[in-house]
Amino acid sequence: MSVKSFSQLQLNPWIIRQLKNIGILEPTPIQQNCIPEIFSGKDVIGVAKTGSGKTLAFALPILQHLVEDPYGIFAVIITPTRELAHQIGDAFSVVGKCMNLRVSIIVGGVEMILQGQELLKKPHIVVATPGRLYDHLSSCNTFNFSKIKYLVLDEADKLLGGPFDEEIYGIIKTLPSNRQMLLFSATMTDTLDQVKAVARKEVFLWQEVATVA
Ligand code: ADP
Ligand code: MG
């Protein structure tokens with residue numbers, strides 16, 4: 001497949017400029033392959049090894065949607081650890097700089113009440129660990145999923161098929177039917193494949209071909 005540039009991927013020039021500012025000039029293979037499919041409205045499963053740029057593969061189309069339609073979107077990214085939640089939040093904030101982007105990190109170890117107040121301000125992007133997000137869903141009325149456009153499961157292989165299943169599937173059940181689900185993982189697993197069963201759209205699977213050194 002021919003290499004596509006960020007502008008060939010139809011990304012907003014403003015986003016491309018912001019990427020250039022932080023030294024990101026060409027999309028990685030997972031970004032080249034998954035971004036057009038996310039734009040086309042499909043649910044996407046993207047599998048590629050650590051360090052291949054999975055965060056921006058989902059963050060860029062979400063940010064682009066926000067640039068085009070600042071009131072109609074709300075994205076939730078679920079990831080297994082607090083550290084990853086902060087890294088993903090930082091990636092959104094850096095590329096979304098000057099967009100008045102509101103990013104909330106909803107993880108354990110922070111007072112529920114403070115987080116509830118933050119959620120009431122309707123952040124554009126919520127990056128969360130599954131347990132704490134589910135606590136907010138089940139115990140407070142601060143969190144309304146009805147406007148969600150994207151649910152991202154990052155490191156999906158670690159989120160599915162284990163102790164988080166109750167929370168994850170509980171969250172998926174509350175989502176509006178027109179949402180897009182985006183799953184990213186370093187490895188393809190059976191549980192990842194099973195998610196197709198709960199997807200309500202056509203699922204596009206992109207898996208990096210492993211190269212032998
Ligand atoms: P993964 O989630 O696949 O492990 P990350 O999304 O964390 O990978 O990205 C790994 C690193 O690569 C980050 O420092 C990120 O800023 C950088 N990166 C992402 N996309 C690109 C790109 N298109 N060009 C150069 N560096 C990139
Ligand atoms: Mg990652």
# chains A, B, ... in the order shown; residues from 1 in each chain; ligands from 1
call {"tool": "residues_around", "arguments": {"residues": "region 21-25 of chain A", "least_positions_apart": "6", "cutoff": "10 Å", "atoms": "only C-alpha atoms", "output": "JSON, numbers by chain"}}
result
{"A": [5, 6, 15, 94, 95]}
call {"tool": "write_last_selection", "arguments": {"atoms": "N, CA and C atoms", "output": "PDB file, in the first residue's frame"}}
result
ATOM      1  N   SER A   5       0.165  10.613   3.499  1.00  0.00           N
ATOM      2  CA  SER A   5       0.562  11.685   4.406  1.00  0.00           C
ATOM      3  C   SER A   5      -0.637  12.071   5.267  1.00  0.00           C
ATOM      4  N   PHE A   6      -0.397  12.899   6.292  1.00  0.00           N
ATOM      5  CA  PHE A   6      -1.510  13.341   7.126  1.00  0.00           C
ATOM      6  C   PHE A   6      -2.531  14.124   6.293  1.00  0.00           C
ATOM      7  N   ILE A  15      -4.575  20.743  12.606  1.00  0.00           N
ATOM      8  CA  ILE A  15      -4.055  19.590  13.368  1.00  0.00           C
ATOM      9  C   ILE A  15      -2.685  19.190  12.828  1.00  0.00           C
ATOM     10  N   VAL A  94      -1.930  17.950  24.096  1.00  0.00           N
ATOM     11  CA  VAL A  94      -0.855  18.545  23.293  1.00  0.00           C
ATOM     12  C   VAL A  94      -1.342  18.835  21.877  1.00  0.00           C
ATOM     13  N   VAL A  95      -1.969  17.851  21.246  1.00  0.00           N
ATOM     14  CA  VAL A  95      -2.423  18.074  19.861  1.00  0.00           C
ATOM     15  C   VAL A  95      -3.635  19.012  19.849  1.00  0.00           C
TER      16      VAL A  95
END
call {"tool": "residues_around", "arguments": {"residues": "Asp154 (chain A)", "least_positions_apart": "4", "cutoff": "7 Å", "atoms": "only C-alpha atoms", "output": "list in words"}}
result
Ile77, Ile78, Thr79, Leu183, Phe184 and Ser185 of chain A
call {"tool": "closest_residue", "arguments": {"among": "A:Gly116, A:Gly131, A:Pro163, A:Pro27", "to": "Gly53 (chain A)", "atoms": "only C-alpha atoms"}}
result
A:Pro27
call {"tool": "residues_near_ligand", "arguments": {"ligand": "ligand 1", "cutoff": "10 Å", "atoms": "only C-alpha atoms and all ligand atoms", "output": "PyMOL selection string"}}
result
chain A and resi 5-6+19-20+22-32+46-60+84+87-88+91+94+154-155+184-186
call {"tool": "atom_distance", "arguments": {"atom1": "CA of Gly89 (chain A)", "atom2": "CA of Val107 (chain A)"}}
result
11.6 Å
call {"tool": "closest_residue", "arguments": {"among": "A:Val67, A:Leu101, A:Leu192, A:Ala156", "to": "ligand 2", "atoms": "only C-alpha atoms and all ligand atoms"}}
result
A:Ala156
call {"tool": "closest_residue", "arguments": {"among": "A:Ser139, A:Ile171, A:Leu119, A:Val152", "to": "ligand 2", "atoms": "only C-alpha atoms and all ligand atoms"}}
result
A:Val152
call {"tool": "residues_around", "arguments": {"residues": "region 135-138 of chain A", "least_positions_apart": "3", "cutoff": "10 Å", "atoms": "only C-alpha atoms", "output": "PyMOL selection string"}}
result
chain A and resi 106+108+112-113+115-116+119+130-132+141-145+167+170-171+174
call {"tool": "write_last_selection", "arguments": {"atoms": "all heavy atoms", "output": "short mmCIF file (atom, residue, chain, number, x, y, z; two decimals), in the first residue's frame"}}
result
data_model
loop_
_atom_site.label_atom_id
_atom_site.label_comp_id
_atom_site.auth_asym_id
_atom_site.auth_seq_id
_atom_site.Cartn_x
_atom_site.Cartn_y
_atom_site.Cartn_z
N ILE A 106 -10.15 10.35 34.75
CA ILE A 106 -10.99 9.78 35.81
C ILE A 106 -10.39 8.44 36.25
O ILE A 106 -10.66 7.40 35.66
CB ILE A 106 -12.45 9.62 35.30
CG1 ILE A 106 -13.01 10.97 34.84
CG2 ILE A 106 -13.33 8.98 36.37
CD1 ILE A 106 -13.14 12.03 35.93
N GLY A 108 -8.63 6.11 39.83
CA GLY A 108 -8.68 5.95 41.28
C GLY A 108 -7.64 6.81 41.98
O GLY A 108 -6.74 7.36 41.34
N MET A 112 -13.87 11.15 44.57
CA MET A 112 -15.01 11.00 43.66
C MET A 112 -15.73 12.35 43.46
O MET A 112 -16.15 12.68 42.36
CB MET A 112 -16.03 10.00 44.23
CG MET A 112 -15.63 8.55 44.15
SD MET A 112 -15.90 7.82 42.53
CE MET A 112 -17.69 7.71 42.46
N ILE A 113 -15.88 13.10 44.57
CA ILE A 113 -16.66 14.35 44.48
C ILE A 113 -15.99 15.35 43.54
O ILE A 113 -16.66 15.97 42.70
CB ILE A 113 -16.83 14.97 45.89
CG1 ILE A 113 -17.74 14.04 46.71
CG2 ILE A 113 -17.42 16.38 45.82
CD1 ILE A 113 -18.03 14.52 48.11
N GLN A 115 -14.02 14.64 41.07
CA GLN A 115 -14.18 14.15 39.70
C GLN A 115 -15.60 14.38 39.21
O GLN A 115 -15.82 14.73 38.04
CB GLN A 115 -13.85 12.66 39.63
CG GLN A 115 -12.37 12.38 39.81
CD GLN A 115 -12.06 10.90 39.80
OE1 GLN A 115 -12.94 10.05 39.97
NE2 GLN A 115 -10.81 10.57 39.59
N GLY A 116 -16.57 14.20 40.11
CA GLY A 116 -17.96 14.42 39.74
C GLY A 116 -18.18 15.86 39.30
O GLY A 116 -18.87 16.12 38.31
N LEU A 119 -16.80 16.24 35.87
CA LEU A 119 -17.66 15.62 34.84
C LEU A 119 -18.90 16.47 34.56
O LEU A 119 -19.39 16.50 33.43
CB LEU A 119 -18.07 14.21 35.27
CG LEU A 119 -16.94 13.17 35.24
CD1 LEU A 119 -17.40 11.86 35.87
CD2 LEU A 119 -16.48 12.92 33.80
N PRO A 130 -11.26 1.55 34.15
CA PRO A 130 -12.63 1.02 34.13
C PRO A 130 -13.35 1.06 35.47
O PRO A 130 -14.54 1.41 35.53
CB PRO A 130 -12.47 -0.42 33.65
CG PRO A 130 -11.03 -0.73 33.67
CD PRO A 130 -10.28 0.55 33.68
N GLY A 131 -12.65 0.74 36.56
CA GLY A 131 -13.30 0.67 37.87
C GLY A 131 -13.87 2.02 38.28
O GLY A 131 -15.04 2.13 38.67
N ARG A 132 -13.06 3.06 38.17
CA ARG A 132 -13.50 4.36 38.63
C ARG A 132 -14.61 4.93 37.73
O ARG A 132 -15.55 5.55 38.20
CB ARG A 132 -12.29 5.32 38.70
CG ARG A 132 -12.63 6.71 39.20
CD ARG A 132 -13.45 6.73 40.48
NE ARG A 132 -12.75 6.32 41.68
CZ ARG A 132 -12.17 7.17 42.53
NH1 ARG A 132 -12.21 8.46 42.31
NH2 ARG A 132 -11.57 6.71 43.60
N ASN A 141 -25.10 10.75 39.45
CA ASN A 141 -25.76 11.07 38.19
C ASN A 141 -25.01 12.17 37.46
O ASN A 141 -25.57 12.96 36.72
CB ASN A 141 -27.23 11.47 38.41
CG ASN A 141 -27.33 12.51 39.49
OD1 ASN A 141 -26.31 13.05 39.91
ND2 ASN A 141 -28.54 12.81 39.92
N THR A 142 -23.69 12.21 37.73
CA THR A 142 -22.87 13.26 37.12
C THR A 142 -22.46 12.91 35.70
O THR A 142 -21.98 13.75 34.97
CB THR A 142 -21.58 13.47 37.93
OG1 THR A 142 -21.03 12.20 38.21
CG2 THR A 142 -21.87 14.22 39.20
N PHE A 143 -22.65 11.65 35.37
CA PHE A 143 -22.08 11.22 34.10
C PHE A 143 -23.16 10.72 33.17
O PHE A 143 -23.84 9.76 33.45
CB PHE A 143 -21.06 10.11 34.37
CG PHE A 143 -20.11 9.94 33.26
CD1 PHE A 143 -19.16 10.90 33.00
CD2 PHE A 143 -20.19 8.84 32.44
CE1 PHE A 143 -18.28 10.76 31.96
CE2 PHE A 143 -19.32 8.69 31.39
CZ PHE A 143 -18.36 9.65 31.16
N ASN A 144 -23.28 11.41 32.07
CA ASN A 144 -24.34 11.07 31.13
C ASN A 144 -23.72 10.58 29.83
O ASN A 144 -23.00 11.30 29.15
CB ASN A 144 -25.18 12.33 30.89
CG ASN A 144 -26.32 12.06 29.96
OD1 ASN A 144 -26.39 11.00 29.34
ND2 ASN A 144 -27.21 13.02 29.84
N PHE A 145 -23.99 9.34 29.53
CA PHE A 145 -23.38 8.73 28.34
C PHE A 145 -24.16 8.98 27.06
O PHE A 145 -23.76 8.54 26.00
CB PHE A 145 -23.28 7.22 28.54
CG PHE A 145 -21.96 6.76 29.08
CD1 PHE A 145 -21.88 5.96 30.19
CD2 PHE A 145 -20.78 7.12 28.44
CE1 PHE A 145 -20.66 5.52 30.68
CE2 PHE A 145 -19.55 6.69 28.91
CZ PHE A 145 -19.50 5.89 30.05
N GLU A 167 -17.41 -4.36 34.32
CA GLU A 167 -17.44 -2.92 34.12
C GLU A 167 -17.52 -2.56 32.63
O GLU A 167 -18.35 -1.76 32.21
CB GLU A 167 -16.18 -2.25 34.70
CG GLU A 167 -16.17 -2.13 36.20
CD GLU A 167 -15.44 -3.27 36.87
OE1 GLU A 167 -15.26 -4.32 36.22
OE2 GLU A 167 -15.06 -3.12 38.04
N GLY A 170 -20.76 -3.53 31.11
CA GLY A 170 -21.77 -2.66 31.72
C GLY A 170 -21.76 -1.29 31.06
O GLY A 170 -22.81 -0.71 30.79
N ILE A 171 -20.57 -0.79 30.79
CA ILE A 171 -20.44 0.53 30.15
C ILE A 171 -20.94 0.46 28.71
O ILE A 171 -21.70 1.32 28.26
CB ILE A 171 -18.97 1.02 30.22
CG1 ILE A 171 -18.62 1.38 31.67
CG2 ILE A 171 -18.74 2.20 29.29
CD1 ILE A 171 -17.13 1.49 31.96
N THR A 174 -24.63 0.83 28.21
CA THR A 174 -25.29 2.12 28.42
C THR A 174 -25.10 3.08 27.24
O THR A 174 -25.65 4.17 27.24
CB THR A 174 -24.74 2.83 29.67
OG1 THR A 174 -23.38 3.19 29.41
CG2 THR A 174 -24.82 1.96 30.90
#
call {"tool": "select_by_dssp", "arguments": {"residues": "region 8-77 of chain A", "states": "alpha helix (DSSP H)", "output": "MDAnalysis selection string"}}
result
chainID A and resid 13:21 29:39 54:68
call {"tool": "residues_around", "arguments": {"residues": "Ile105 (chain A)", "least_positions_apart": "5", "cutoff": "9 Å", "atoms": "only C-alpha atoms", "output": "list of chain:residue names"}}
result
A:Arg82, A:Ala85, A:His86, A:Gly89, A:Gln115, A:Ile125, A:Val126, A:Val127, A:Ala128, A:Thr129
call {"tool": "select_by_dssp", "arguments": {"residues": "region 65-200 of chain A", "states": "strand (DSSP E)", "output": "PyMOL selection string"}}
result
chain A and resi 75-78+103-106+125-128+150-154+180-185
call {"tool": "atom_distance", "arguments": {"atom1": "atom 1 (Mg, counted along the ligand's line) of ligand 2", "atom2": "CA of Phe92 (chain A)"}}
result
12.9 Å
call {"tool": "atom_distance", "arguments": {"atom1": "CA of Leu114 (chain A)", "atom2": "CA of Ile62 (chain A)"}}
result
25.7 Å
call {"tool": "closest_residue", "arguments": {"among": "A:Pro80, A:Pro123, A:Pro13, A:Gly109", "to": "Lys158 (chain A)", "atoms": "only C-alpha atoms"}}
result
A:Pro80
call {"tool": "closest_residue", "arguments": {"among": "A:Gln194, A:Gln10, A:Ser177, A:Thr187", "to": "ligand 2", "atoms": "only C-alpha atoms and all ligand atoms"}}
result
A:Thr187
call {"tool": "decode", "arguments": {"residues": "region 122-136 of chain A", "atoms": "all heavy atoms", "output": "compact mmCIF listing (two decimals), in the first residue's frame"}}
result
# COMPACT_ATOMS: atom_id res chain seq x y z
N LYS A 122 -18.92 18.81 31.67
CA LYS A 122 -18.99 18.20 30.35
C LYS A 122 -17.68 18.30 29.54
O LYS A 122 -17.60 19.00 28.54
CB LYS A 122 -20.13 18.84 29.54
CG LYS A 122 -21.50 18.60 30.12
CD LYS A 122 -22.54 18.99 29.08
CE LYS A 122 -23.92 18.54 29.42
NZ LYS A 122 -24.51 19.02 30.63
N PRO A 123 -16.68 17.57 30.00
CA PRO A 123 -15.44 17.55 29.23
C PRO A 123 -15.68 16.94 27.85
O PRO A 123 -16.58 16.13 27.69
CB PRO A 123 -14.52 16.67 30.07
CG PRO A 123 -15.43 15.86 30.93
CD PRO A 123 -16.64 16.68 31.17
N HIS A 124 -14.86 17.36 26.87
CA HIS A 124 -14.97 16.76 25.54
C HIS A 124 -14.43 15.34 25.54
O HIS A 124 -14.93 14.46 24.85
CB HIS A 124 -14.15 17.57 24.53
CG HIS A 124 -14.55 19.00 24.45
ND1 HIS A 124 -13.79 20.02 24.95
CD2 HIS A 124 -15.66 19.57 23.92
CE1 HIS A 124 -14.40 21.17 24.73
NE2 HIS A 124 -15.54 20.92 24.11
N ILE A 125 -13.36 15.15 26.33
CA ILE A 125 -12.67 13.86 26.34
C ILE A 125 -12.55 13.39 27.78
O ILE A 125 -12.08 14.12 28.64
CB ILE A 125 -11.21 14.02 25.80
CG1 ILE A 125 -11.17 14.77 24.46
CG2 ILE A 125 -10.49 12.67 25.73
CD1 ILE A 125 -11.67 14.02 23.28
N VAL A 126 -12.96 12.16 28.03
CA VAL A 126 -12.77 11.56 29.35
C VAL A 126 -11.83 10.37 29.17
O VAL A 126 -12.10 9.50 28.35
CB VAL A 126 -14.11 11.07 29.94
CG1 VAL A 126 -13.89 10.24 31.21
CG2 VAL A 126 -15.02 12.26 30.25
N VAL A 127 -10.73 10.37 29.90
CA VAL A 127 -9.83 9.22 29.86
C VAL A 127 -9.89 8.57 31.23
O VAL A 127 -9.66 9.23 32.25
CB VAL A 127 -8.37 9.64 29.53
CG1 VAL A 127 -7.54 8.40 29.23
CG2 VAL A 127 -8.32 10.60 28.35
N ALA A 128 -10.22 7.29 31.26
CA ALA A 128 -10.55 6.68 32.55
C ALA A 128 -10.03 5.26 32.67
O ALA A 128 -9.83 4.56 31.68
CB ALA A 128 -12.07 6.66 32.72
N THR A 129 -9.85 4.85 33.91
CA THR A 129 -9.67 3.43 34.19
C THR A 129 -11.07 2.85 34.44
O THR A 129 -11.97 3.57 34.89
CB THR A 129 -8.74 3.22 35.40
OG1 THR A 129 -9.15 4.09 36.46
CG2 THR A 129 -7.30 3.53 35.04
N PRO A 130 -11.26 1.55 34.15
CA PRO A 130 -12.63 1.02 34.13
C PRO A 130 -13.35 1.06 35.47
O PRO A 130 -14.54 1.41 35.53
CB PRO A 130 -12.47 -0.42 33.65
CG PRO A 130 -11.03 -0.73 33.67
CD PRO A 130 -10.28 0.55 33.68
N GLY A 131 -12.65 0.74 36.56
CA GLY A 131 -13.30 0.67 37.87
C GLY A 131 -13.87 2.02 38.28
O GLY A 131 -15.04 2.13 38.67
N ARG A 132 -13.06 3.06 38.17
CA ARG A 132 -13.50 4.36 38.63
C ARG A 132 -14.61 4.93 37.73
O ARG A 132 -15.55 5.55 38.20
CB ARG A 132 -12.29 5.32 38.70
CG ARG A 132 -12.63 6.71 39.20
CD ARG A 132 -13.45 6.73 40.48
NE ARG A 132 -12.75 6.32 41.68
CZ ARG A 132 -12.17 7.17 42.53
NH1 ARG A 132 -12.21 8.46 42.31
NH2 ARG A 132 -11.57 6.71 43.60
N LEU A 133 -14.49 4.68 36.43
CA LEU A 133 -15.55 5.15 35.53
C LEU A 133 -16.88 4.49 35.89
O LEU A 133 -17.93 5.14 35.94
CB LEU A 133 -15.17 4.83 34.09
CG LEU A 133 -16.13 5.35 33.02
CD1 LEU A 133 -16.17 6.87 33.02
CD2 LEU A 133 -15.73 4.84 31.64
N TYR A 134 -16.81 3.21 36.17
CA TYR A 134 -18.02 2.46 36.50
C TYR A 134 -18.60 2.96 37.84
O TYR A 134 -19.81 3.05 37.99
CB TYR A 134 -17.70 0.96 36.57
CG TYR A 134 -18.91 0.08 36.51
CD1 TYR A 134 -19.72 0.07 35.38
CD2 TYR A 134 -19.26 -0.73 37.59
CE1 TYR A 134 -20.85 -0.73 35.32
CE2 TYR A 134 -20.39 -1.54 37.52
CZ TYR A 134 -21.17 -1.54 36.39
OH TYR A 134 -22.29 -2.34 36.33
N ASP A 135 -17.72 3.30 38.80
CA ASP A 135 -18.19 3.86 40.07
C ASP A 135 -19.01 5.13 39.81
O ASP A 135 -20.05 5.33 40.42
CB ASP A 135 -17.00 4.25 40.98
CG ASP A 135 -16.29 3.04 41.55
OD1 ASP A 135 -16.86 1.93 41.47
OD2 ASP A 135 -15.16 3.19 42.03
N HIS A 136 -18.53 5.96 38.90
CA HIS A 136 -19.26 7.20 38.60
C HIS A 136 -20.60 6.90 37.94
O HIS A 136 -21.60 7.54 38.24
CB HIS A 136 -18.43 8.12 37.70
CG HIS A 136 -17.45 8.94 38.47
ND1 HIS A 136 -17.81 10.07 39.17
CD2 HIS A 136 -16.12 8.79 38.67
CE1 HIS A 136 -16.74 10.57 39.77
NE2 HIS A 136 -15.71 9.81 39.47
